[in-house]
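Enquirer: Handing you a structure now.
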Amino acid sequence: MFDWLKSLSGLEIAYFIIACIGTVALLIQIILMLIGAGGEADADFDTDTDGDGSLDTHTDTGVSLFTVKGLTAFFAIGGWTGMLMLSYNVGVAITVPVSVVAGLAAYFIVWALIRLVLKLQEDGTLNYASAIGQTATVYVSIPASRTGRGKITLVLQGRYTELDAVTDETERIPVDCAVEITERAGDAFVVRKKV
C-alpha cells in the first residue's frame, strides 16, 4: 500500500486525497440520510404560530446552488476521474479540465435530484382562503347577526375540516343546513344559507 502511494506523483496524491475525502463525506451523508438523522440542511424552514393554535409552515422548495451534497459529489467524482485518467497516463492538460467537468456534472446532477425530491414534498398546510365559495354543512347551529359562533364541516383540500362560522342573516341557521362560505372574519368564516 505504501509503495503504491510512494509511486504516485504530487498531482495523483492530491487527486487521491480529494477523492477519498469527498467519497467518505458522501458515504456519511448517504448513511445519515438512510437512517433519517441527516435531512437536507440546505432547505429553508420557517414556522409561524397563530393565536388560535393553528400551525402554518412555509417551506422554501428552491434549493441553493451551493449544497453540501453537491460539493461532496463534485470532489468525489472529480477526484476519482482525475485519478483514473492519470493512472492511464493521460496528460495533465487534459486530466484537470476533464476532472473538473466530471465533478461539475456530478454536482449539477445532485442539485437537480435534490430539487426534484423537494418538489415531491407536500406542504400539508390547509389554505383556508380556498374555502371561500365552497359549500359546507352546519354542524353546530349558527346564531343570527354574528351574535355567536356555530360550526360548519366541509371537505377542504381533500380533508374533512371543521371550521367556526358566523352569519349576517337575521335568523339562526339550523344544524344540517347547507351553507355557502362568503368570506373570512378573523378566525371564523361568514356563511349564508345555500339557495
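Ordering of the C-alpha cells sets the chain letters (A, B, ...); residue numbers start at 1 within each chain; ligands are numbered from 1 in the order shown.
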Please provide the set of residues having any atom within 7 Å of Val190 of chain A, restricted to only C-alpha atoms, with same-chain residues fewer than 6 positions apart removed, written as a JSON list (two decimals) with N, CA and C atoms, in the first residue's frame.

Expert:
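Dumped to around_20.json:
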[["chain", "number", "residue", "atom", "x", "y", "z"],
["A", 165, "ALA", "N", -68.01, 29.35, 12.40],
["A", 165, "ALA", "CA", -68.76, 30.13, 11.42],
["A", 165, "ALA", "C", -69.70, 31.12, 12.11],
["A", 166, "VAL", "N", -69.90, 32.26, 11.45],
["A", 166, "VAL", "CA", -70.87, 33.27, 11.85],
["A", 166, "VAL", "C", -71.70, 33.61, 10.62],
["A", 167, "THR", "N", -72.81, 34.31, 10.84],
["A", 167, "THR", "CA", -73.65, 34.69, 9.71],
["A", 167, "THR", "C", -74.19, 36.10, 9.90],
["A", 181, "ILE", "N", -69.84, 29.53, 2.01],
["A", 181, "ILE", "CA", -68.86, 30.36, 2.72],
["A", 181, "ILE", "C", -68.59, 31.60, 1.86],
["A", 182, "THR", "N", -68.80, 32.79, 2.44],
["A", 182, "THR", "CA", -68.67, 34.02, 1.65],
["A", 182, "THR", "C", -67.38, 34.78, 1.92],
["A", 183, "GLU", "N", -66.89, 34.73, 3.16],
["A", 183, "GLU", "CA", -65.66, 35.46, 3.49],
["A", 183, "GLU", "C", -65.09, 34.94, 4.79],
["A", 184, "ARG", "N", -63.92, 35.43, 5.11],
["A", 184, "ARG", "CA", -63.29, 35.08, 6.38],
["A", 184, "ARG", "C", -63.34, 36.30, 7.28]]

Enquirer: Tell me, which residues of chain A carry DSSP alpha helix (DSSP H), written as a PyMOL selection string?

Expert: chain A and resi 2-6+10-35+68-87+92-120

Enquirer: Point out the residue among A:Ile13, A:Ile152, A:Ala136, A:Ala93 with the least atom-to-atom distance to Val179 of chain A, counting only C-alpha atoms.

Expert: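 So, comparing all the options, the nearest one is A:Ala136.
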